[in-house]
$ cat input25.cif   # mmCIF, C-alpha atoms
data_data
loop_
_atom_site.label_atom_id
_atom_site.label_comp_id
_atom_site.auth_asym_id
_atom_site.auth_seq_id
_atom_site.Cartn_x
_atom_site.Cartn_y
_atom_site.Cartn_z
CA MET E 1 48.34 131.26 165.01
CA LYS E 2 51.65 132.30 163.56
CA GLU E 3 54.21 134.88 164.50
CA ILE E 4 55.64 136.92 161.64
CA THR E 5 58.98 138.52 162.46
CA ALA E 6 60.09 140.92 159.76
CA ILE E 7 63.45 142.67 159.91
CA ILE E 8 63.30 145.54 157.45
CA ARG E 9 64.95 148.82 156.50
CA ARG E 10 64.23 151.72 158.81
CA ASP E 11 62.90 154.04 156.12
CA LYS E 12 60.40 151.46 154.86
CA LEU E 13 58.53 151.30 158.16
CA PRO E 14 55.76 153.83 157.36
CA GLU E 15 54.99 152.20 154.01
CA THR E 16 54.95 148.75 155.57
CA LYS E 17 52.57 149.90 158.28
CA LYS E 18 50.30 151.43 155.66
CA ALA E 19 50.31 148.24 153.60
CA LEU E 20 49.46 146.12 156.65
CA ASP E 21 46.75 148.60 157.61
CA GLU E 22 45.10 148.20 154.23
CA LEU E 23 44.96 144.43 154.70
CA GLY E 24 43.33 144.92 158.10
CA TYR E 25 46.16 143.62 160.28
CA SER E 26 47.48 146.77 161.85
CA SER E 27 48.43 145.46 165.30
CA LEU E 28 52.16 145.03 165.55
CA THR E 29 55.19 145.52 167.77
CA ILE E 30 58.13 147.55 166.51
CA GLN E 31 61.67 147.30 167.83
CA SER E 32 64.91 149.01 166.87
CA VAL E 33 67.55 146.38 166.33
CA ASP E 34 71.01 146.09 164.83
CA GLY E 35 71.58 143.33 162.38
CA ARG E 36 73.90 141.87 159.85
CA GLY E 37 73.62 139.21 157.23
CA LYS E 38 75.78 137.19 154.91
CA GLN E 39 77.79 140.30 153.99
CA LYS E 40 78.94 140.63 157.61
CA GLY E 41 77.56 144.07 158.16
CA ALA E 42 79.10 146.89 156.25
CA MET E 43 77.76 148.21 152.99
CA CYS E 44 79.86 151.27 152.31
CA ALA E 45 78.44 152.10 148.93
CA GLU E 46 74.92 152.12 150.27
CA MET E 47 75.76 154.11 153.36
CA ASP E 48 77.94 156.67 151.63
CA SER E 49 77.19 157.38 148.00
CA GLU E 50 80.55 159.06 147.37
CA MET E 51 82.38 155.88 148.23
CA PRO E 52 83.82 154.06 145.20
CA GLY E 53 82.22 150.68 144.85
CA SER E 54 85.54 148.91 144.63
CA PHE E 55 86.77 150.26 147.95
CA CYS E 56 85.03 147.71 150.05
CA THR E 57 81.92 145.78 149.33
CA THR E 58 82.41 143.45 152.24
CA VAL E 59 84.25 144.41 155.38
CA LYS E 60 85.33 141.56 157.55
CA LEU E 61 85.59 141.80 161.30
CA LYS E 62 89.14 142.13 162.51
CA PRO E 63 90.14 140.63 165.81
CA THR E 64 91.55 143.84 167.28
CA PRO E 65 89.83 147.21 167.04
CA SER E 66 93.12 149.02 166.34
CA ALA E 67 94.01 146.81 163.40
CA TYR E 68 90.52 147.33 162.13
CA ALA E 69 90.67 151.09 162.53
CA LEU E 70 93.99 151.29 160.71
CA GLU E 71 92.70 149.40 157.74
CA HIS E 72 89.41 151.18 157.30
CA THR E 73 88.08 154.62 157.87
CA LEU E 74 85.76 153.90 160.72
CA PRO E 75 82.93 156.38 160.06
CA LYS E 76 82.27 154.83 156.68
CA VAL E 77 81.75 151.26 157.71
CA ALA E 78 79.36 149.60 160.05
CA LEU E 79 79.59 146.18 161.57
CA TYR E 80 75.88 146.28 162.21
CA VAL E 81 73.20 147.94 160.16
CA PRO E 82 70.33 149.54 162.07
CA LYS E 83 67.02 147.87 161.23
CA ARG E 84 63.45 147.81 162.41
CA MET E 85 61.96 144.55 163.60
CA LEU E 86 58.21 144.07 163.33
CA THR E 87 56.39 141.31 165.19
CA LEU E 88 52.83 140.38 164.29
CA ILE E 89 50.72 137.52 165.62
CA VAL E 90 48.16 136.54 162.97
CA PRO E 91 45.83 133.63 162.11
CA ASP E 92 47.29 130.83 160.00
CA ASP E 93 45.34 131.52 156.83
CA VAL E 94 46.52 135.09 156.22
CA VAL E 95 50.24 134.46 156.71
CA SER E 96 51.14 134.11 153.04
CA LYS E 97 49.09 137.17 152.11
CA LEU E 98 50.86 139.32 154.70
CA VAL E 99 54.31 137.99 153.83
CA LYS E 100 53.68 138.77 150.18
CA SER E 101 52.61 142.30 150.94
CA ILE E 102 55.60 142.95 153.24
CA VAL E 103 57.95 141.60 150.56
CA LYS E 104 56.29 143.74 147.89
CA VAL E 105 56.64 146.97 149.88
CA ASN E 106 60.19 146.36 151.07
CA GLN E 107 61.72 144.91 147.93
CA SER E 108 64.35 147.23 146.49
CA GLY E 109 66.52 144.51 144.98
CA LYS E 110 69.61 145.58 146.90
CA ARG E 111 71.32 143.77 149.71
CA GLY E 112 69.96 144.52 153.14
CA ASP E 113 66.28 144.39 152.33
CA GLY E 114 65.80 142.11 155.31
CA LYS E 115 64.35 138.80 156.31
CA ILE E 116 60.93 137.54 157.32
CA PHE E 117 60.52 134.60 159.66
CA VAL E 118 57.28 132.72 160.31
CA SER E 119 57.07 130.66 163.48
CA PRO E 120 54.24 128.92 165.33
CA VAL E 121 52.57 130.42 168.41
CA GLU E 122 50.69 128.20 170.87
CA GLY E 123 48.51 130.67 172.69
CA ALA E 124 47.49 134.28 173.19
CA VAL E 125 45.58 136.20 175.86
CA ARG E 126 44.12 139.69 175.64
CA VAL E 127 45.01 141.21 178.98
CA ARG E 128 42.07 143.65 179.15
CA THR E 129 39.33 141.02 178.81
CA GLY E 130 41.12 137.72 179.35
CA GLU E 131 40.00 136.42 175.94
CA MET E 132 42.01 133.42 174.79
CA ASP E 133 43.73 132.43 171.54
CA GLY E 134 41.71 133.25 168.41
CA GLU E 135 39.61 136.02 169.93
CA ALA E 136 42.64 137.60 171.54
CA ILE E 137 44.22 138.48 168.21
CA SER E 138 41.10 139.37 166.26
CA MET Z 139 64.77 125.82 160.78
CA LYS Z 140 65.15 127.02 164.33
CA MET Z 141 65.40 130.45 165.89
CA ILE Z 142 68.09 130.76 168.52
CA ARG Z 143 67.72 133.57 171.02
CA ALA Z 144 70.66 134.03 173.34
CA PHE Z 145 70.64 136.43 176.26
CA ILE Z 146 74.29 137.10 177.02
CA ARG Z 147 76.49 139.55 178.86
CA PRO Z 148 76.97 142.71 176.77
CA GLU Z 149 80.75 142.52 177.18
CA LYS Z 150 80.79 139.01 175.69
CA GLU Z 151 78.90 140.05 172.58
CA GLN Z 152 81.88 140.69 170.31
CA GLU Z 153 83.56 137.44 171.27
CA VAL Z 154 80.42 135.45 170.52
CA VAL Z 155 79.84 137.23 167.21
CA LEU Z 156 83.42 136.65 166.07
CA ALA Z 157 83.23 132.98 166.97
CA LEU Z 158 79.94 132.56 165.11
CA GLU Z 159 81.36 134.33 162.09
CA GLY Z 160 84.40 132.09 162.14
CA ALA Z 161 82.16 129.04 162.16
CA GLY Z 162 80.19 130.32 159.16
CA PHE Z 163 77.16 131.92 160.81
CA PRO Z 164 77.63 135.65 160.19
CA SER Z 165 73.96 136.62 160.08
CA LEU Z 166 72.36 137.75 163.29
CA THR Z 167 70.26 140.44 164.89
CA LYS Z 168 71.11 141.94 168.24
CA MET Z 169 69.30 144.23 170.61
CA PRO Z 170 69.90 145.55 174.08
CA VAL Z 171 67.48 144.22 176.67
CA PHE Z 172 67.01 144.34 180.43
CA GLY Z 173 66.25 141.24 182.39
CA ARG Z 174 66.53 139.31 185.58
CA GLY Z 175 66.69 135.68 186.53
CA LYS Z 176 66.31 133.33 189.45
CA GLN Z 177 68.41 135.56 191.68
CA LYS Z 178 65.95 138.46 191.21
CA GLY Z 179 68.62 140.85 190.04
CA LEU Z 180 71.82 141.70 191.78
CA GLN Z 181 72.62 142.93 195.30
CA VAL Z 182 75.78 145.03 195.58
CA GLY Z 183 76.11 146.17 199.18
CA PRO Z 184 73.04 148.23 199.99
CA VAL Z 185 72.10 148.75 196.34
CA HIS Z 186 69.73 146.32 194.70
CA TYR Z 187 69.65 146.14 190.90
CA ASP Z 188 66.33 144.65 189.88
CA GLU Z 189 66.99 144.45 186.14
CA LEU Z 190 70.37 143.96 184.56
CA PRO Z 191 71.45 144.93 181.05
CA LYS Z 192 71.93 142.04 178.64
CA THR Z 193 72.35 141.69 174.90
CA LEU Z 194 69.86 139.56 172.98
CA ILE Z 195 71.36 137.86 169.96
CA MET Z 196 68.81 136.39 167.59
CA THR Z 197 69.68 134.14 164.68
CA VAL Z 198 67.84 131.63 162.53
CA VAL Z 199 69.74 128.53 161.42
CA ASP Z 200 69.02 125.16 159.84
CA THR Z 201 67.96 122.47 162.29
CA GLU Z 202 71.15 120.45 161.90
CA ASP Z 203 73.31 123.45 162.83
CA VAL Z 204 71.49 124.25 166.07
CA GLU Z 205 73.72 122.16 168.31
CA LYS Z 206 76.87 123.66 166.85
CA VAL Z 207 75.67 127.27 167.21
CA VAL Z 208 74.39 126.71 170.75
CA SER Z 209 77.69 125.15 171.80
CA ILE Z 210 79.66 128.06 170.30
CA ILE Z 211 77.53 130.62 172.15
CA HIS Z 212 77.71 128.59 175.34
CA ASP Z 213 81.45 128.23 175.06
CA LYS Z 214 82.15 131.92 174.42
CA ALA Z 215 79.57 133.53 176.72
CA LYS Z 216 80.41 131.39 179.74
CA THR Z 217 82.18 132.94 182.72
CA GLY Z 218 80.92 130.51 185.37
CA PHE Z 219 79.23 133.19 187.48
CA ILE Z 220 75.53 133.89 187.84
CA GLY Z 221 74.16 136.15 185.12
CA ASP Z 222 75.79 134.46 182.15
CA GLY Z 223 72.42 134.31 180.46
CA LYS Z 224 70.14 131.85 178.74
CA ILE Z 225 69.77 130.40 175.25
CA PHE Z 226 66.35 129.57 173.85
CA VAL Z 227 65.63 127.57 170.70
CA SER Z 228 62.23 127.80 169.02
CA PRO Z 229 60.80 126.48 165.75
CA VAL Z 230 60.54 128.57 162.57
CA ASP Z 231 58.22 127.42 159.78
CA ALA Z 232 59.57 129.57 156.98
CA ALA Z 233 62.11 132.27 156.27
CA TYR Z 234 61.87 134.71 153.37
CA THR Z 235 64.56 136.92 151.89
CA VAL Z 236 62.89 140.23 151.08
CA ARG Z 237 65.29 141.12 148.26
CA THR Z 238 64.35 138.06 146.22
CA GLY Z 239 61.04 137.13 147.82
CA GLU Z 240 62.16 133.51 147.95
CA ALA Z 241 61.47 131.22 150.87
CA VAL Z 242 65.09 130.34 151.59
CA LEU Z 243 67.25 131.19 154.54
#

$ encode --input "input25.cif" --output "structure tokens"
Amino acid sequence: MKEITAIIRRDKLPETKKALDELGYSSLTIQSVDGRGKQKGAMCAEMDSEMPGSFCTTVKLKPTPSAYALEHTLPKVALYVPKRMLTLIVPDDVVSKLVKSIVKVNQSGKRGDGKIFVSPVEGAVRVRTGEMDGEAIS
Amino acid sequence: MKMIRAFIRPEKEQEVVLALEGAGFPSLTKMPVFGRGKQKGLQVGPVHYDELPKTLIMTVVDTEDVEKVVSIIHDKAKTGFIGDGKIFVSPVDAAYTVRTGEAVL
């Protein structure tokens, strides 16, 4: 069993769910999270289309909020970008298929498309029936 | 690769994030959570708080960086009182970047 943790754009959630549905693995947990990556959060141009691209592509964290506020117009930057986190527990053999389909749906080619992590899971129990491991996730 | 999940005090979040960024680990995911530990919550006079707000910081790093990241979080989130939180480290088989589809962190 593997756990697939996908952190994706908020507006791609319905399409991702549909794609997973079509493959027959529709059970998942969704969480609202805030995240940031190598760019340290803010992506002005993507958040506000009227923003000139040269204004700030990367906004670094400043140690004091006041210094930060003076340097940037606060409503137009974000230290964290809101994302959706999906968690699926699936059998080993379908992991690559699911990862491929999530990547295909979410790929826009711009920064902030998200990350997918695959990690091992040792056991699972279906609470209603008490079924263990393989049967619990089928 | 390892996934590091740190449950820390919400007020320590910015300090931890700044320290991680300074050390070259800017990427993370955070979410607000509620939890309790060994002390079964918190008793303040007659009021008992069963679940206390914490911030969960989740980050995936290369195996050789785990010790460094854990020590940074430990150093910055520590106050010495109960409720400082916990740090968990778990294995990650693969990480994919959606933009490129490549299996690199």

$ resolve_selection --input "input25.cif" --expression "the PyMOL selection byres ((chain Z) within 6 of (chain E))" --output "list in words"
Pro164, Ser165, Leu166, Thr167, Lys168, Met169, Val230, Asp231, Ala232, Ala233, Tyr234, Thr235, Val236 and Arg237 of chain Z

$ atom_distance --input "input25.cif" --atom1 "CA of Arg147 (chain Z)" --atom2 "CA of Asp222 (chain Z)"
6.1 Å

$ closest_residue --input "input25.cif" --among "E:Ala136, E:Met1, E:Leu98, E:Val90" --to "Thr16 (chain E)" --atoms "all atoms listed in the file"
E:Leu98

$ residues_around --input "input25.cif" --residues "His186 (chain Z)" --least-positions-apart "5" --cutoff "12 Å" --atoms "only C-alpha atoms" --output "ChimeraX atom specification"
/Z:174,177-181

$ residues_around --input "input25.cif" --residues "Lys214 (chain Z)" --least-positions-apart "2" --cutoff "10 Å" --atoms "all atoms listed in the file" --output "PDB file with C-alpha atoms, in the frame of the given file"
ATOM      1  CA  ILE Z 146      74.290 137.100 177.020  1.00  0.00           C
ATOM      2  CA  LYS Z 150      80.790 139.010 175.690  1.00  0.00           C
ATOM      3  CA  GLU Z 151      78.900 140.050 172.580  1.00  0.00           C
ATOM      4  CA  GLN Z 152      81.880 140.690 170.310  1.00  0.00           C
ATOM      5  CA  GLU Z 153      83.560 137.440 171.270  1.00  0.00           C
ATOM      6  CA  VAL Z 154      80.420 135.450 170.520  1.00  0.00           C
ATOM      7  CA  VAL Z 155      79.840 137.230 167.210  1.00  0.00           C
ATOM      8  CA  LEU Z 156      83.420 136.650 166.070  1.00  0.00           C
ATOM      9  CA  ALA Z 157      83.230 132.980 166.970  1.00  0.00           C
ATOM     10  CA  LEU Z 158      79.940 132.560 165.110  1.00  0.00           C
ATOM     11  CA  SER Z 209      77.690 125.150 171.800  1.00  0.00           C
ATOM     12  CA  ILE Z 210      79.660 128.060 170.300  1.00  0.00           C
ATOM     13  CA  ILE Z 211      77.530 130.620 172.150  1.00  0.00           C
ATOM     14  CA  HIS Z 212      77.710 128.590 175.340  1.00  0.00           C
ATOM     15  CA  LYS Z 216      80.410 131.390 179.740  1.00  0.00           C
ATOM     16  CA  THR Z 217      82.180 132.940 182.720  1.00  0.00           C
TER      17      THR Z 217
END
